[in-house]
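Here's the structure we're looking at; comments come further down.
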Amino acid sequence: MYQWRKFDFFEEKYGGKIPDDVTGDIQCCSSGRGKVVIGSNDGSVSFLDRGIKFDSGFQAHSSSVVFLQHLKQRNFLVTVGEDEPISPQQSGMCLKVFDLDKAQEESTSSSAPECIGILRIFTNQFPEAKITSFLVLEEVPPILLIAIGLDNGCIYCVKGDIARERITRFKLQVDGVSGKRQSPITGLGFRMDGLSLLLFAVTPDSVNSFGMQAQPPKLQTLDHIGSSVNTVTMSDRSELIVGRPEAVYFYEVDGRGPCWAFEGEKKFMGWFRGYLLCVIADPKNGTNVFNVYDLRNRLIAYSLVVDKVSNMLCEWGNIILITADKSLLCVTEKDMESKLDMLFKKNLYTVAINLVQSQHADAAATANVMRKYGDHLYGKQDYDEAMSQYINTIGHLEPSFVIQKFLDAQRIYNLTNYLEKLHEKGLASKDHTTLLLNCYTKLKDVEKLNTFVRKEDGIGELKFDVETAIRVCRAANYHEHAMYVAKKAGKHEWYLKILLEDLGNYDEALQYISSLEPSQAGVTIKEYGKILIEHKPKEAIDILMRLCTEQGTSNGVYLSMLPSPVDFINVFVQHPHSLMDFLERYTEIVKDSPAQAEINNTLLELYLSRDLNFPSISQSENGLDQDFTDLSVAAAMSRADSEKRKNADLKDTVEKDCMERQQKGLELLKMAWPSDLEQPLYDVDLAIILCEMNSFKEGLLYLYEKMKLYKEVIACYMQNHDHEGLIACCKRLGDSGKGGDPSLWADLLKYFGEIGEDCTKEVKEVLTYIERDDILPPIIVLQTLAKNPCLTLSVIKDYIARKLEQESRIIEEDRRTVEKYQESTKNMRKEIEDLRTNARIFQLSKCTACTFTLDIPAVHFMCMHSFHQRCLGDNEKECPECAPEYRSVIEMKRSLEQNSKDQDLFFQQVKSSKDGFSVIAEYFGKGIISKTNDGTI
């Protein structure tokens, strides 16, 4: 023990006399709830506050206070003292419980706490003896367990609610070991292990324990050597501590534990925040020494020579020593920073580390101490030990602080060790991973590199930045390691990048993509499909087919959930033939793809393109001219002939391929626009543009005809001067009976009138259809054909003659109709005049309705019909015989007037009629358009 270091980790905070308000000699002390409680031999109890000043006091017992304990859970004070005996046969020793939160008024000006329970300790069943120890255990409130140790080896126990007098008394007996002499109880201690309760009892001759759960409590002797009074205490781990002259012993449930050989008679024992407190009598000089032991770190945290100590307490974070002369000394622990500064000045870094760890300081404070220790070792050039300390600071010390110290090539092994630990704890950044891998590559330590990248096999995620590791391994040509990391981390793009760009292993790359999930395979093929299409087009297309069709999926996967071929078009850049092959294969399998329109658009662009990435002939010719300067004339001529033949073959191939593709394009235009669909499965505007750009006449004519753009159709024939096809087209598209447009013949006639060449045969044929459908007036025909100087009058002579004859017949018919209407009008006007000026004689003798003889009252109408008034009923204003005809005329007039207001109907009839002028003339003839209101009607 003499080798233990001594330090001043504590300091005196307060020293002086106890206030004079505390009367009598001090018999016992207790602490808790921010106050120190003192019991005196005059029966008074005094309370001292934090400043060691008298706070309050009261008379607890009439004679003296022997023991007291201030409870922690409730503000109760339990005292054992002597009062006036009730009778000479009974002892005056009693136990009292005071509620310090309740005060009862006395005759004096001061107030005393309410005594809620008084219990006589000694009765007939519990004989009187000297009390040597006292201890209270707070169980579940309000239950208390009180143990009273006596000098005869007995322990009186009281359990229950004393305030309500619901208690149970029982006695425990500790057998003496010195013949017939009974040993006094010198110390007591309670230990709670879960639900089990243990009571330690110490005598001068033994250390015992009682299992309180058993009935009766079971006695167990832990040691046959005991101790004296005031040398028994409990640690914060509920260990019993017993002090003897030769050593300090710790006891567990089952017996003696560790032993610490502190020589000297132990006067007082205590426990404070993990420290062992001892007041030891020094036999050499006869003084008492107060020592604070740090058992974990094996050092004396404080040592002080003191007078005779009567009581030892712990309150307010201080150790309080009370001496026999009523002096008081407070000792407080220094803060951690002061302790560490003291140790750092003495370079006691190991002690400092043990200290912060034993006191459960935070990790940052511990790391700071280890960092200082590491700096100390680094200054002594003990790099290995310094690194071991720096490693312990990982997570709290900035790694760059350590890395900068070990960047020297000679200390690369230490740096590698630090970086490995950094990665193990998952605190490495990308730069740290880069540095560690560079260390491995510099050392050419393939084994450690393997361990680094493969040690996480099957155990969750890698503890380093994956992309950084891959880049460093690639740069150092450790491609296998880079591929392993990429595959383990699921970085498929990096794995394929290495395979394709570094190793050129296209077959393995295709196999790897095939093994991926469809969604991930689709992502990777988008990124690296260009390289694969360039080197392995067939295999790459096979993978795409499996991704985009049901061939690569299980049953129940909807087509809409599969990727679309349109998503992969960009990978076929510079490879249109492969794209065409891919889309053709897809359309053969999938007939109703959601992206069918986009697929057809792409296929049309491929089919109708004139030059689908064939080698340029002009480039070959330029190469030929350049080589002439380097070859002989004969060789050059031979080379020129060979190039010409090659170019001719190439042109033939291009033309043949173009024709085949255009034929496919025409078939696609027709198949993708079935007759039952109003709109095709492709973009019509795009298709027209493609046909125009690539001079694809057949496709253009088909599209115009499907869109009913007949004028554009004949414009194509006109542009090519195909007269025969033009007339055939008009025959097919100009028949109004089949939904055609007859106005096409007018456009055709205009074309022949402006062509400037002899087209007599064609004009005669056109005039036949114009005359048949009465498309144009003769005057328009004459004006149109007059523009062509190559045509003679004989072309239209027969047509004009027939038209004139037809017009003459129409004029004659109209003249006869006019005369008829004039005669009818004249007769009507004469009849009206006659009705207005002359009288009518009604000579009918029979009723028109009932055919009986007409009698009065009778009604006669101007239409010469007569009726009985009874036959007419209420309707006397119109003739029943003539009324229907009259009403039909009125309804017709009303209808005509209403139609005159319907402009849309009028214009629709004008437009749909062959002769619009006749419709207008009819409206005038009915008096609808020309009718005006002059106010006379």
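Chain labels A, B, ... are given in the sequence in which chains occur in the structure tokens; within each chain residues are numbered consecutively from 1, and ligands are likewise numbered from 1 in the order shown.
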
Determine which residues of stretch 750-875 of chain A DSSP labels as alpha helix (DSSP H) from the backbone of this structure, then write them out as an NGL selection string.
-> :A and (750-754 or 760-773 or 778-785 or 794-837 or 869-872)

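The nearest approach to A:Ser183 among the residues A:Asn438, A:Ser866, A:Asn152, A:Asn291, with only C-alpha atoms taken into account, belongs to A:Asn152.
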
Stretch 75-86 of chain A: which residues within 9 Å, counting only C-alpha atoms, same-chain residues fewer than 2 positions away excluded, as an MDAnalysis selection string?
-> chainID A and resid 33 39 41 43 60:73 88:101 121 134 136

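For the atom pair formed by atom CA of A:Asn208 and atom CA of A:Ile185, the distance is 10.3 Å, given to one decimal.
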
Of the candidates A:Val292, A:Leu785, A:Ala801, A:Ala672, which one gets nearest to A:Glu757 if we count only C-alpha atoms?
-> A:Leu785

Out of A:Ala482, A:Leu516, A:Met269, A:Ile599, which residue has the shortest atom-to-atom distance to A:Val232 when counting only C-alpha atoms?
-> A:Met269
